[in-house]
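The block underneath contains the structure these notes are about, expressed in structure tokens.
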Amino acid sequence: RPLKLDPPEPEYFKPQPMPGYWVKRGSVLDLSQYLPRTDIDRVGRIVSDAGGDLRYENLPGERVRLRGFNCTYGGTWDDFADYTDAQMDDLADQFLAYGFNCLRFHFFDKCFAGQYRMEFYKYKDIDASDCSLPETYEDLLATIDTKFLDRYQYFTAALRKRGIYYMMDVFTSQTMYLKAGKNAANLNVQLFLDERVRNHWKAAAKFLLHTVNPYTGKRPVDDPQFIAITCRNEQEHLFNPQGGSGTEHFSDFTAAFRAEYGADMPEFSWALIRQEGTTGDKARAFIRSRVAELNAFFIDELRALGWRGFVTQWDMYMRNLEGDCRKSYDAVAIHPYHAHPNSYPVPEGLADQQTMVLNPSSKGTESRVSRASALALDNYLAQAAMTRVLGKPLLMTEVSHVGANRFSQEAPVMLTAFASLQDWQLLTPHADLITRKVYSPFSPGSFDGGMNPMARITSLMAAFGWQRGDVAPGAHAVSVHVPEADLSSAYLTGSIGQSHNALAFVTRVGSDYTQARNPLATLDLVPETYVDYLVAYDDWEGKNRLKRENDAFRAAQFAKLREAGVLGSTNRTDPAAGFYESETGEIVTDLGSGRMSIDAPRFQAAAVKPESPTVALSALRNAMQGADAADK
């Protein structure tokens with residue numbers, strides 16, 4: 001007979017400590033001896049200089065690189081809210097041992113609403129539209145779970161004593177600060193349209209910034225520990241054509257669209273903003289104007305609350321649409337993933353070749369991850385690199401090469417190489433790199449959590465190669481200037497083409513949507529190709545359907561680098577062969593053999609494949625023997 005698979009009562013499963021995942025203080029893995037502790041009151045706020053580098057407000061000559069993780073403590077099987085002060089202090093000490101100096105709290109709005117641990121199941125079938133929406137700070141404060149708030153405030157104070165900075169989302173959860181598990185009306189869309197939802201956002205922002213922490217005596221808005229705020233995590237999911245996240249609600253814009261452009265306009269839809277012709281032009285102009293208005297609302301309200309830190313938004317996708325959305329903000333946040341698990345139908349005959357099952361589903365689909373190597377032309381970190389705007393900090397607020405992918409051994413070398421060469425400012429992988437407990441049976445460690453051993457190695461290598469600065473950044477930079485004519489066209493929903501992204505293998509890159517060339521760039525380019533990374537999952541050939549690329553075009557791009565002096569005469573880069581050597585000479589990427597290596601004076605590493613396992617660097621030799629480790 002069918003098994004009952006509903007979650008059990010909480011007493012049936014108890015979180016179990018995992019002391020083996022913690023770093024012993026004073027051991028060789030205790031990174032606090034290499035990455036010293038910071039006194040926040042002495043060094044002050046984190047600010048940006050004219051080049052986009054982070055600096056301490058009171059020590060402007062010292063550059064800062066911030067490393068940590070997305071913290072989702074307080075989930076369904078998590079006992080964070082029950083931790084004593086002593087346990088909180090022990091946990092905070094682990095942040096020093098791991099060398100972390102920054103943390104991004106994630107999904108804490110749900111916890112503040114009282115949906116931590118098994119309490120969530122009381123509300124999972126309630127829809128947000130059936131809840132009373134607190135529209136003032138006082139009304140919202142009356143609904144906040146005081147137990148979770150107290151533990152959150154103690155923990156942030158404990159982190160502060162250890163010199164650890166903090167980032168936050170106003171909203172992470174789809175249901176915001178409501179005791180609900182469903183969101184039929186899609187509050188992402190309603191932020192554009194409903195004054196009540198905007199008032200709820202304002203109340204939440206004031207709660208986060210103006211509520212005094214009794215353990216520090218400070219409001220976060222006055223405390224230099226708090227450095228950045230995201231207005232709404234991954235709000236552009238409403239632009240996701242795979243559905244389920246908002247595009248079915250695009251019709252909610254129809255009345256406003258017709259009021260502005262005429263009653264004869266069709267129903268507003270995702271397809272409409274991708275349509276060629278006059279009607280498509282009007283749809284694109286409409287959604288861009290609505291985004292600009294919402295951006296102004298977010299930024300003005302935060303500044304009115306006294307917020308002095310960075311503001312980020314539109315942090316998920318890497319299309320021209322999001323680049324245009326982000327131009328109002330003083331920092332760029334981005335969330336690149338390789339082999340992110342997705343539930344979707346796979347074309348017959350391609351399943352085993354292209355994906356592997358992560359877990360079965362009873363809904364007619366399967367959760368699958370890609371089997372592909374990330375060392376390819378459409379590399380996810382190269383795409384992310386292009387989102388940076390030279391002169392603004394790049395905050396990698398989520399990143400993961402998913403552990404279930406068979407080539408996850410690429411991640412430690414790749415992330416260290418890209419973050420160093422590109423000179424990024426912050427890395428907070430997703431999620432929970434410090435594992436406190438194991439929550440059987442629902443802890444697969446799919447992303448960069450502490451249960452994923454490759455994620456821990458990736459973080460460790462980034463601590464030396466990037467955070468300590470063992471691997472050199474590029475001395476030059478290329479900025480891709482996207483013209484208004486392309487933003488007004490169907491290319492709005494495309495991404496800058498792969499031949500432009502490939503420049504990230506050899507030098508610093510970025511893009512600009514302000515209709516002005518970037519003064520910090522060694523070389524400015526106008527993109528000649530765009531690709532579509534959000535096609536239907538059964539359209540395996542669709543990635544280049546917006547505008548085709550070829551080897552000759554890619555060669556022309558790299559010829560421009562040589563003409564501008566970015567690549568010297570001895571640089572071995574050969575784009576036709578898929579061979580790229582960084583301008584620093586320290587990083588080599590060979591897409592033909594699926595290899596990447598770093599050969600710096602204090603840091604050497606390589607990602608290899610079974611078919612070409614041997615690597616020889618200036619001070620490092622290896623010979624892979626036995627099992628094909630990359631295929632297991």
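As shown in the structure tokens, the chain order sets the letters A, B, ...; within each chain, residues go from 1, and ligands are also counted from 1 in the order they appear.
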Would you list the contacts of range 35-44 of chain A as a ChimeraX atom specification, taking every protein, DNA or RNA residue within 9 Å and counting only C-alpha atoms, but skipping same-chain residues closer than 4 positions in sequence?
/A:31,56-59,96,99-101,160-165,223-225,463-464,467-468
Distance query Gly181 in chain A at most 9 Å, only C-alpha atoms, self and fewer than 6 positions along chain excluded, as a PyMOL selection string
chain A and resi 120-128+174-175
Quick one: pick out all alpha helix (DSSP H) residues within range 77-258 of chain A from a backbone DSSP run and write them as a JSON list (two decimals) with N, CA and C atoms, in the first residue's frame.
[["chain", "number", "residue", "atom", "x", "y", "z"],
["A", 85, "ASP", "N", 23.42, 30.93, 25.16],
["A", 85, "ASP", "CA", 24.45, 31.93, 24.88],
["A", 85, "ASP", "C", 25.80, 31.26, 24.67],
["A", 86, "ALA", "N", 26.13, 30.27, 25.48],
["A", 86, "ALA", "CA", 27.43, 29.60, 25.36],
["A", 86, "ALA", "C", 27.55, 28.88, 24.02],
["A", 87, "GLN", "N", 26.49, 28.24, 23.59],
["A", 87, "GLN", "CA", 26.52, 27.57, 22.28],
["A", 87, "GLN", "C", 26.67, 28.57, 21.15],
["A", 88, "MET", "N", 26.00, 29.72, 21.27],
["A", 88, "MET", "CA", 26.14, 30.76, 20.27],
["A", 88, "MET", "C", 27.59, 31.25, 20.19],
["A", 89, "ASP", "N", 28.23, 31.42, 21.35],
["A", 89, "ASP", "CA", 29.62, 31.88, 21.37],
["A", 89, "ASP", "C", 30.55, 30.84, 20.75],
["A", 90, "ASP", "N", 30.31, 29.56, 21.05],
["A", 90, "ASP", "CA", 31.12, 28.51, 20.43],
["A", 90, "ASP", "C", 30.96, 28.51, 18.91],
["A", 91, "LEU", "N", 29.72, 28.71, 18.45],
["A", 91, "LEU", "CA", 29.46, 28.77, 17.02],
["A", 91, "LEU", "C", 30.16, 29.97, 16.40],
["A", 92, "ALA", "N", 30.09, 31.13, 17.05],
["A", 92, "ALA", "CA", 30.75, 32.33, 16.53],
["A", 92, "ALA", "C", 32.26, 32.14, 16.45],
["A", 93, "ASP", "N", 32.82, 31.39, 17.40],
["A", 93, "ASP", "CA", 34.26, 31.11, 17.35],
["A", 93, "ASP", "C", 34.64, 30.32, 16.10],
["A", 94, "GLN", "N", 33.73, 29.48, 15.63],
["A", 94, "GLN", "CA", 34.01, 28.73, 14.42],
["A", 94, "GLN", "C", 34.17, 29.64, 13.20],
["A", 95, "PHE", "N", 33.47, 30.77, 13.21],
["A", 95, "PHE", "CA", 33.62, 31.71, 12.10],
["A", 95, "PHE", "C", 35.05, 32.23, 12.02],
["A", 96, "LEU", "N", 35.67, 32.46, 13.17],
["A", 96, "LEU", "CA", 37.07, 32.86, 13.18],
["A", 96, "LEU", "C", 37.95, 31.72, 12.68],
["A", 97, "ALA", "N", 37.67, 30.51, 13.14],
["A", 97, "ALA", "CA", 38.50, 29.37, 12.75],
["A", 97, "ALA", "C", 38.43, 29.11, 11.24],
["A", 108, "PHE", "N", 15.54, 34.62, 6.92],
["A", 108, "PHE", "CA", 15.23, 34.90, 8.32],
["A", 108, "PHE", "C", 13.89, 35.59, 8.47],
["A", 109, "ASP", "N", 13.33, 36.16, 7.38],
["A", 109, "ASP", "CA", 12.00, 36.75, 7.50],
["A", 109, "ASP", "C", 10.98, 35.68, 7.88],
["A", 110, "LYS", "N", 11.12, 34.49, 7.31],
["A", 110, "LYS", "CA", 10.22, 33.38, 7.68],
["A", 110, "LYS", "C", 10.38, 33.02, 9.16],
["A", 111, "CYS", "N", 11.64, 33.03, 9.62],
["A", 111, "CYS", "CA", 11.88, 32.70, 11.03],
["A", 111, "CYS", "C", 11.35, 33.78, 11.96],
["A", 112, "PHE", "N", 11.52, 35.04, 11.59],
["A", 112, "PHE", "CA", 10.97, 36.12, 12.39],
["A", 112, "PHE", "C", 9.45, 36.02, 12.48],
["A", 137, "TYR", "N", 5.47, 49.63, 11.06],
["A", 137, "TYR", "CA", 6.51, 49.03, 11.91],
["A", 137, "TYR", "C", 5.89, 48.47, 13.19],
["A", 138, "GLU", "N", 4.99, 49.24, 13.79],
["A", 138, "GLU", "CA", 4.40, 48.80, 15.06],
["A", 138, "GLU", "C", 3.56, 47.54, 14.87],
["A", 139, "ASP", "N", 2.78, 47.49, 13.77],
["A", 139, "ASP", "CA", 1.96, 46.30, 13.53],
["A", 139, "ASP", "C", 2.83, 45.08, 13.24],
["A", 140, "LEU", "N", 3.91, 45.28, 12.47],
["A", 140, "LEU", "CA", 4.79, 44.15, 12.17],
["A", 140, "LEU", "C", 5.49, 43.67, 13.42],
["A", 141, "LEU", "N", 5.96, 44.60, 14.25],
["A", 141, "LEU", "CA", 6.69, 44.23, 15.47],
["A", 141, "LEU", "C", 5.81, 43.37, 16.38],
["A", 146, "THR", "N", 9.41, 36.58, 19.30],
["A", 146, "THR", "CA", 10.42, 37.18, 20.17],
["A", 146, "THR", "C", 11.54, 36.21, 20.53],
["A", 147, "LYS", "N", 11.24, 34.92, 20.58],
["A", 147, "LYS", "CA", 12.28, 33.93, 20.90],
["A", 147, "LYS", "C", 13.34, 33.91, 19.81],
["A", 148, "PHE", "N", 12.89, 33.83, 18.55],
["A", 148, "PHE", "CA", 13.86, 33.79, 17.46],
["A", 148, "PHE", "C", 14.60, 35.12, 17.36],
["A", 149, "LEU", "N", 13.90, 36.23, 17.54],
["A", 149, "LEU", "CA", 14.53, 37.54, 17.47],
["A", 149, "LEU", "C", 15.65, 37.66, 18.50],
["A", 150, "ASP", "N", 15.41, 37.18, 19.72],
["A", 150, "ASP", "CA", 16.43, 37.26, 20.76],
["A", 150, "ASP", "C", 17.68, 36.47, 20.37],
["A", 151, "ARG", "N", 17.50, 35.26, 19.82],
["A", 151, "ARG", "CA", 18.66, 34.45, 19.44],
["A", 151, "ARG", "C", 19.42, 35.08, 18.27],
["A", 152, "TYR", "N", 18.69, 35.64, 17.34],
["A", 152, "TYR", "CA", 19.29, 36.35, 16.21],
["A", 152, "TYR", "C", 20.11, 37.53, 16.72],
["A", 153, "GLN", "N", 19.56, 38.29, 17.64],
["A", 153, "GLN", "CA", 20.27, 39.47, 18.13],
["A", 153, "GLN", "C", 21.51, 39.08, 18.94],
["A", 154, "TYR", "N", 21.40, 38.02, 19.73],
["A", 154, "TYR", "CA", 22.59, 37.58, 20.47],
["A", 154, "TYR", "C", 23.68, 37.11, 19.52],
["A", 155, "PHE", "N", 23.27, 36.37, 18.49],
["A", 155, "PHE", "CA", 24.25, 35.82, 17.55],
["A", 155, "PHE", "C", 24.95, 36.94, 16.78],
["A", 156, "THR", "N", 24.20, 37.93, 16.31],
["A", 156, "THR", "CA", 24.85, 39.03, 15.59],
["A", 156, "THR", "C", 25.80, 39.79, 16.51],
["A", 157, "ALA", "N", 25.46, 39.91, 17.77],
["A", 157, "ALA", "CA", 26.36, 40.56, 18.72],
["A", 157, "ALA", "C", 27.62, 39.73, 18.93],
["A", 158, "ALA", "N", 27.47, 38.41, 19.00],
["A", 158, "ALA", "CA", 28.62, 37.53, 19.15],
["A", 158, "ALA", "C", 29.54, 37.61, 17.93],
["A", 159, "LEU", "N", 28.95, 37.68, 16.75],
["A", 159, "LEU", "CA", 29.75, 37.83, 15.54],
["A", 159, "LEU", "C", 30.47, 39.18, 15.53],
["A", 160, "ARG", "N", 29.77, 40.21, 16.01],
["A", 160, "ARG", "CA", 30.36, 41.54, 16.01],
["A", 160, "ARG", "C", 31.64, 41.58, 16.85],
["A", 161, "LYS", "N", 31.61, 40.93, 18.01],
["A", 161, "LYS", "CA", 32.80, 40.90, 18.88],
["A", 161, "LYS", "C", 33.99, 40.26, 18.18],
["A", 187, "LEU", "N", 3.68, 37.84, -4.45],
["A", 187, "LEU", "CA", 4.01, 39.12, -3.86],
["A", 187, "LEU", "C", 5.17, 39.81, -4.57],
["A", 188, "ASN", "N", 5.98, 39.04, -5.33],
["A", 188, "ASN", "CA", 7.02, 39.67, -6.15],
["A", 188, "ASN", "C", 6.41, 40.66, -7.12],
["A", 189, "VAL", "N", 5.34, 40.21, -7.79],
["A", 189, "VAL", "CA", 4.65, 41.08, -8.75],
["A", 189, "VAL", "C", 3.92, 42.20, -8.01],
["A", 190, "GLN", "N", 3.32, 41.87, -6.88],
["A", 190, "GLN", "CA", 2.52, 42.86, -6.16],
["A", 190, "GLN", "C", 3.36, 44.01, -5.60],
["A", 191, "LEU", "N", 4.67, 43.80, -5.44],
["A", 191, "LEU", "CA", 5.53, 44.92, -5.05],
["A", 191, "LEU", "C", 5.48, 46.04, -6.08],
["A", 192, "PHE", "N", 5.21, 45.72, -7.33],
["A", 192, "PHE", "CA", 5.06, 46.72, -8.38],
["A", 192, "PHE", "C", 3.71, 47.43, -8.29],
["A", 193, "LEU", "N", 2.69, 46.73, -7.80],
["A", 193, "LEU", "CA", 1.31, 47.16, -8.05],
["A", 193, "LEU", "C", 0.51, 47.53, -6.82],
["A", 195, "GLU", "N", 0.03, 49.02, -3.08],
["A", 195, "GLU", "CA", 0.58, 49.91, -2.07],
["A", 195, "GLU", "C", 0.69, 49.23, -0.71],
["A", 196, "ARG", "N", -0.24, 48.31, -0.42],
["A", 196, "ARG", "CA", -0.20, 47.60, 0.86],
["A", 196, "ARG", "C", 1.05, 46.74, 0.98],
["A", 197, "VAL", "N", 1.43, 46.08, -0.13],
["A", 197, "VAL", "CA", 2.63, 45.24, -0.11],
["A", 197, "VAL", "C", 3.88, 46.12, 0.04],
["A", 198, "ARG", "N", 3.87, 47.27, -0.60],
["A", 198, "ARG", "CA", 5.00, 48.19, -0.42],
["A", 198, "ARG", "C", 5.09, 48.69, 1.02],
["A", 199, "ASN", "N", 3.96, 48.95, 1.64],
["A", 199, "ASN", "CA", 3.97, 49.36, 3.04],
["A", 199, "ASN", "C", 4.52, 48.25, 3.92],
["A", 200, "HIS", "N", 4.18, 47.01, 3.60],
["A", 200, "HIS", "CA", 4.73, 45.86, 4.33],
["A", 200, "HIS", "C", 6.25, 45.81, 4.17],
["A", 201, "TRP", "N", 6.74, 46.07, 2.96],
["A", 201, "TRP", "CA", 8.19, 46.11, 2.72],
["A", 201, "TRP", "C", 8.83, 47.21, 3.57],
["A", 202, "LYS", "N", 8.22, 48.39, 3.60],
["A", 202, "LYS", "CA", 8.77, 49.50, 4.38],
["A", 202, "LYS", "C", 8.80, 49.14, 5.87],
["A", 203, "ALA", "N", 7.76, 48.48, 6.35],
["A", 203, "ALA", "CA", 7.72, 48.07, 7.75],
["A", 203, "ALA", "C", 8.83, 47.07, 8.05],
["A", 204, "ALA", "N", 9.06, 46.13, 7.12],
["A", 204, "ALA", "CA", 10.11, 45.12, 7.32],
["A", 204, "ALA", "C", 11.49, 45.77, 7.30],
["A", 205, "ALA", "N", 11.72, 46.71, 6.38],
["A", 205, "ALA", "CA", 13.01, 47.39, 6.32],
["A", 205, "ALA", "C", 13.26, 48.17, 7.62],
["A", 206, "LYS", "N", 12.24, 48.82, 8.11],
["A", 206, "LYS", "CA", 12.40, 49.57, 9.37],
["A", 206, "LYS", "C", 12.65, 48.62, 10.53],
["A", 207, "PHE", "N", 11.98, 47.48, 10.54],
["A", 207, "PHE", "CA", 12.20, 46.49, 11.60],
["A", 207, "PHE", "C", 13.66, 46.04, 11.60],
["A", 208, "LEU", "N", 14.20, 45.73, 10.43],
["A", 208, "LEU", "CA", 15.58, 45.24, 10.35],
["A", 208, "LEU", "C", 16.59, 46.31, 10.74],
["A", 209, "LEU", "N", 16.32, 47.57, 10.37],
["A", 209, "LEU", "CA", 17.31, 48.62, 10.54],
["A", 209, "LEU", "C", 17.16, 49.42, 11.82],
["A", 210, "HIS", "N", 15.96, 49.52, 12.37],
["A", 210, "HIS", "CA", 15.73, 50.43, 13.50],
["A", 210, "HIS", "C", 15.47, 49.72, 14.82],
["A", 254, "THR", "N", -1.61, 44.10, -16.99],
["A", 254, "THR", "CA", -2.35, 44.45, -18.21],
["A", 254, "THR", "C", -3.08, 45.78, -18.09],
["A", 255, "ALA", "N", -3.77, 46.00, -16.99],
["A", 255, "ALA", "CA", -4.54, 47.24, -16.85],
["A", 255, "ALA", "C", -3.63, 48.47, -16.94],
["A", 256, "ALA", "N", -2.51, 48.43, -16.24],
["A", 256, "ALA", "CA", -1.59, 49.57, -16.28],
["A", 256, "ALA", "C", -0.96, 49.72, -17.66],
["A", 257, "PHE", "N", -0.66, 48.60, -18.30],
["A", 257, "PHE", "CA", -0.07, 48.63, -19.65],
["A", 257, "PHE", "C", -1.04, 49.28, -20.64],
["A", 258, "ARG", "N", -2.32, 48.89, -20.57],
["A", 258, "ARG", "CA", -3.31, 49.46, -21.48],
["A", 258, "ARG", "C", -3.60, 50.92, -21.16]]
Looking only at the backbone, which of the residues in range 249-468 of chain A does DSSP tag as strand (DSSP E), as a list in words?
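Those in range 249-468 of chain A that DSSP calls strand (DSSP E) are Phe310, Val311, Thr312, Val332, Ala333, Tyr337, His338, Asn342, Ser343, Tyr344, Thr355, Met356, Val357, Leu358, Asn359, Glu366, Ser367, Arg368, Val369, Ser370, Leu394, Leu395, Met396, Ser400, His401, Leu426, Leu427, Lys437 and Val438 of chain A.
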Can you spit out the residues from that selection as an mmCIF file, in the first residue's frame, using N, CA and C atoms?
data_model
loop_
_atom_site.group_PDB
_atom_site.id
_atom_site.type_symbol
_atom_site.label_atom_id
_atom_site.label_comp_id
_atom_site.auth_asym_id
_atom_site.auth_seq_id
_atom_site.Cartn_x
_atom_site.Cartn_y
_atom_site.Cartn_z
ATOM 1 N N PHE A 310 25.665 49.480 1.362
ATOM 2 C CA PHE A 310 25.374 49.160 -0.030
ATOM 3 C C PHE A 310 23.946 48.656 -0.179
ATOM 4 N N VAL A 311 23.361 48.927 -1.339
ATOM 5 C CA VAL A 311 22.028 48.437 -1.675
ATOM 6 C C VAL A 311 22.149 47.621 -2.963
ATOM 7 N N THR A 312 21.619 46.407 -2.959
ATOM 8 C CA THR A 312 21.652 45.563 -4.160
ATOM 9 C C THR A 312 20.257 45.024 -4.451
ATOM 10 N N VAL A 332 26.927 45.467 -7.254
ATOM 11 C CA VAL A 332 26.293 44.406 -8.032
ATOM 12 C C VAL A 332 26.371 43.121 -7.236
ATOM 13 N N ALA A 333 25.230 42.484 -7.017
ATOM 14 C CA ALA A 333 25.176 41.161 -6.391
ATOM 15 C C ALA A 333 24.725 40.164 -7.454
ATOM 16 N N TYR A 337 25.267 29.562 -10.465
ATOM 17 C CA TYR A 337 25.275 28.152 -10.069
ATOM 18 C C TYR A 337 25.675 27.288 -11.260
ATOM 19 N N HIS A 338 26.368 26.199 -10.978
ATOM 20 C CA HIS A 338 26.569 25.167 -11.996
ATOM 21 C C HIS A 338 25.865 23.901 -11.539
ATOM 22 N N ASN A 342 17.057 20.940 -10.852
ATOM 23 C CA ASN A 342 15.797 21.433 -11.378
ATOM 24 C C ASN A 342 14.870 20.261 -11.649
ATOM 25 N N SER A 343 13.606 20.512 -11.493
ATOM 26 C CA SER A 343 12.601 19.505 -11.823
ATOM 27 C C SER A 343 11.997 19.858 -13.165
ATOM 28 N N TYR A 344 12.241 19.015 -14.158
ATOM 29 C CA TYR A 344 11.724 19.287 -15.480
ATOM 30 C C TYR A 344 11.762 18.008 -16.311
ATOM 31 N N THR A 355 21.844 14.729 -18.079
ATOM 32 C CA THR A 355 21.522 14.954 -16.676
ATOM 33 C C THR A 355 21.531 13.650 -15.909
ATOM 34 N N MET A 356 21.509 13.765 -14.593
ATOM 35 C CA MET A 356 21.362 12.596 -13.740
ATOM 36 C C MET A 356 20.304 12.903 -12.686
ATOM 37 N N VAL A 357 19.594 11.872 -12.257
ATOM 38 C CA VAL A 357 18.532 12.041 -11.277
ATOM 39 C C VAL A 357 19.145 12.321 -9.910
ATOM 40 N N LEU A 358 18.669 13.379 -9.261
ATOM 41 C CA LEU A 358 19.083 13.659 -7.894
ATOM 42 C C LEU A 358 18.130 12.998 -6.915
ATOM 43 N N ASN A 359 16.853 13.142 -7.159
ATOM 44 C CA ASN A 359 15.864 12.424 -6.359
ATOM 45 C C ASN A 359 14.577 12.319 -7.165
ATOM 46 N N GLU A 366 11.349 14.837 -12.531
ATOM 47 C CA GLU A 366 12.408 14.415 -11.646
ATOM 48 C C GLU A 366 13.336 15.587 -11.376
ATOM 49 N N SER A 367 13.874 15.631 -10.163
ATOM 50 C CA SER A 367 14.876 16.640 -9.846
ATOM 51 C C SER A 367 16.207 16.135 -10.384
ATOM 52 N N ARG A 368 16.780 16.896 -11.307
ATOM 53 C CA ARG A 368 17.984 16.455 -11.988
ATOM 54 C C ARG A 368 19.077 17.513 -11.911
ATOM 55 N N VAL A 369 20.316 17.041 -12.023
ATOM 56 C CA VAL A 369 21.450 17.944 -12.137
ATOM 57 C C VAL A 369 22.187 17.629 -13.428
ATOM 58 N N SER A 370 22.810 18.639 -13.994
ATOM 59 C CA SER A 370 23.582 18.458 -15.212
ATOM 60 C C SER A 370 24.796 17.572 -14.939
ATOM 61 N N LEU A 394 31.675 43.965 -6.721
ATOM 62 C CA LEU A 394 30.954 42.758 -7.134
ATOM 63 C C LEU A 394 30.809 41.876 -5.900
ATOM 64 N N LEU A 395 29.571 41.659 -5.466
ATOM 65 C CA LEU A 395 29.272 40.868 -4.280
ATOM 66 C C LEU A 395 28.666 39.541 -4.729
ATOM 67 N N MET A 396 29.449 38.471 -4.634
ATOM 68 C CA MET A 396 28.979 37.146 -5.025
ATOM 69 C C MET A 396 28.198 36.578 -3.844
ATOM 70 N N SER A 400 27.515 28.326 -6.200
ATOM 71 C CA SER A 400 27.728 26.913 -5.902
ATOM 72 C C SER A 400 27.944 26.126 -7.182
ATOM 73 N N HIS A 401 28.964 25.292 -7.172
ATOM 74 C CA HIS A 401 29.092 24.212 -8.149
ATOM 75 C C HIS A 401 28.538 22.996 -7.414
ATOM 76 N N LEU A 426 33.553 40.070 -2.647
ATOM 77 C CA LEU A 426 32.878 39.301 -1.591
ATOM 78 C C LEU A 426 32.442 37.945 -2.136
ATOM 79 N N LEU A 427 32.615 36.893 -1.327
ATOM 80 C CA LEU A 427 32.137 35.546 -1.648
ATOM 81 C C LEU A 427 31.358 35.001 -0.454
ATOM 82 N N LYS A 437 24.688 20.765 12.980
ATOM 83 C CA LYS A 437 23.980 19.519 13.237
ATOM 84 C C LYS A 437 23.645 18.859 11.897
ATOM 85 N N VAL A 438 23.311 17.601 11.935
ATOM 86 C CA VAL A 438 22.788 16.940 10.740
ATOM 87 C C VAL A 438 21.307 16.696 10.971
#
Which one is closest to Gly51 in chain A: A:Thr570, A:Asn518, A:Ser618, A:Asn320? Count only C-alpha atoms.
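Once distances to Gly51 in chain A are computed over only C-alpha atoms, the minimum belongs to A:Asn518.
Residues in contact with Ile598 in chain A at up to 6 Å, not including ones fewer than 5 positions away on its chain and judged by only C-alpha atoms, are A:Glu586, A:Ile587, A:Gln604, A:Ala605.
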Selection near range 376-379 of chain A, 9 Å with only C-alpha atoms, sequence-local residues under 6 positions removed, as a list in words:
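Everything that qualifies: His338, Gly497, Gln498, Ser499, Asn501, Ala502, Gly578, Leu591, Gly592 and Gly594 of chain A.
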Could you write those residues out with C-alpha atoms, as a compact mmCIF listing (two decimals), in the first residue's frame?
# COMPACT_ATOMS: atom_id res chain seq x y z
CA HIS A 338 26.57 25.17 -12.00
CA GLY A 497 27.41 36.34 -25.96
CA GLN A 498 29.85 33.63 -25.00
CA SER A 499 32.74 35.06 -26.99
CA ASN A 501 32.23 36.17 -21.63
CA ALA A 502 35.31 34.13 -22.59
CA GLY A 578 40.01 26.70 -26.46
CA LEU A 591 38.71 23.80 -22.56
CA GLY A 592 39.81 21.11 -25.01
CA GLY A 594 38.71 20.29 -19.51
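Closest approach to Leu321 in chain A from the set A:Ser459, A:Ser597, A:Ser495, A:Gln33 is made by A:Ser495, with distances taken over only C-alpha atoms.
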Kindly provide the residues of range 100-218 of chain A that approach range 71-78 of chain A to within 6 Å, each paired with its closest atom pair and their distance in Å to one decimal, based on only C-alpha atoms, listed by chain and increasing number, as a tab-separated table.
residue	atom	partner	partner_atom	distance
A:Arg104	CA	A:Cys71	CA	5.8
A:Phe105	CA	A:Cys71	CA	4.8
A:His106	CA	A:Thr72	CA	5.2
A:Tyr116	CA	A:Gly74	CA	5.2
A:Arg117	CA	A:Thr76	CA	3.9
A:Met118	CA	A:Thr76	CA	5.4
All residues 7 Å or closer to Ala521 in chain A, only C-alpha atoms, same chain fewer than 6 positions away omitted, as a compact mmCIF listing (two decimals) with all heavy atoms, in the first residue's frame:
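Saved result, part-v9.txt, follows:
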# COMPACT_ATOMS: atom_id res chain seq x y z
N ALA A 477 41.31 45.80 -17.76
CA ALA A 477 39.89 45.49 -17.69
C ALA A 477 39.21 45.80 -19.01
O ALA A 477 39.58 46.76 -19.70
CB ALA A 477 39.21 46.27 -16.57
N VAL A 478 38.23 44.99 -19.36
CA VAL A 478 37.41 45.19 -20.55
C VAL A 478 35.97 45.41 -20.09
O VAL A 478 35.45 44.65 -19.27
CB VAL A 478 37.47 43.98 -21.50
CG1 VAL A 478 36.55 44.18 -22.69
CG2 VAL A 478 38.91 43.73 -21.96
N SER A 479 35.33 46.44 -20.61
CA SER A 479 33.93 46.70 -20.30
C SER A 479 33.11 46.60 -21.58
O SER A 479 33.48 47.17 -22.61
CB SER A 479 33.75 48.08 -19.68
OG SER A 479 32.39 48.30 -19.33
Work out how far apart CA of Thr387 in chain A and CA of Pro527 in chain A are and give it in Å to one decimal.
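Rounded to one decimal, the two atoms are 13.4 Å apart.
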Mind checking which residues fall within 7 Å of Asn233 in chain A, counting only C-alpha atoms, ignoring those fewer than 2 positions away in the same chain, and posting them as number ranges by chain?
A: 169, 171-172, 230-231, 235
Which residues, written as a list in words, have at least one atom at most 8 Å from range 505-510 of chain A, with only C-alpha atoms counted and residues fewer than 2 positions away on the same chain left out?
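Near range 505-510 of chain A, the qualifying residues are Ala382, Ala385, Met386, Thr387, Arg388, Val389, Leu390, Phe418, Leu421, Gln422, Asp423, Pro473, Gly474, Ala475, His476, Ala477, Val478, Ser479, Val480, Ala502, Leu503, Asp512, Val566, Tyr580, Glu581, Ser582, Glu583, Ile587 and Thr589 of chain A.
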What gap, in Å, lies between CA of Val526 in chain A and CA of Asp574 in chain A?
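Calculated distance between CA of Val526 in chain A and CA of Asp574 in chain A is 22.0 Å.
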For range 416-490 of chain A against range 279-292 of chain A, with a cut-off of 8 Å and counting only C-alpha atoms, what is the closest atom pair and its distance in Å to one decimal for every residue that makes the cut, ordered by chain and number, as a Markdown table?
| residue | atom | partner | partner_atom | distance |
| --- | --- | --- | --- | --- |
| A:Ser488 | CA | A:Asp281 | CA | 6.3 |
| A:Ser489 | CA | A:Asp281 | CA | 6.5 |
| A:Ala490 | CA | A:Gly280 | CA | 7.7 |
Selection above as a file: C-alpha atoms, as a tab-separated table (two decimals), in the first residue's frame:
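Contents of part_7.tsv, freshly written:
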chain	number	residue	atom	x	y	z
A	488	SER	CA	14.90	48.45	-26.64
A	489	SER	CA	14.86	45.35	-28.83
A	490	ALA	CA	14.21	41.66	-28.20
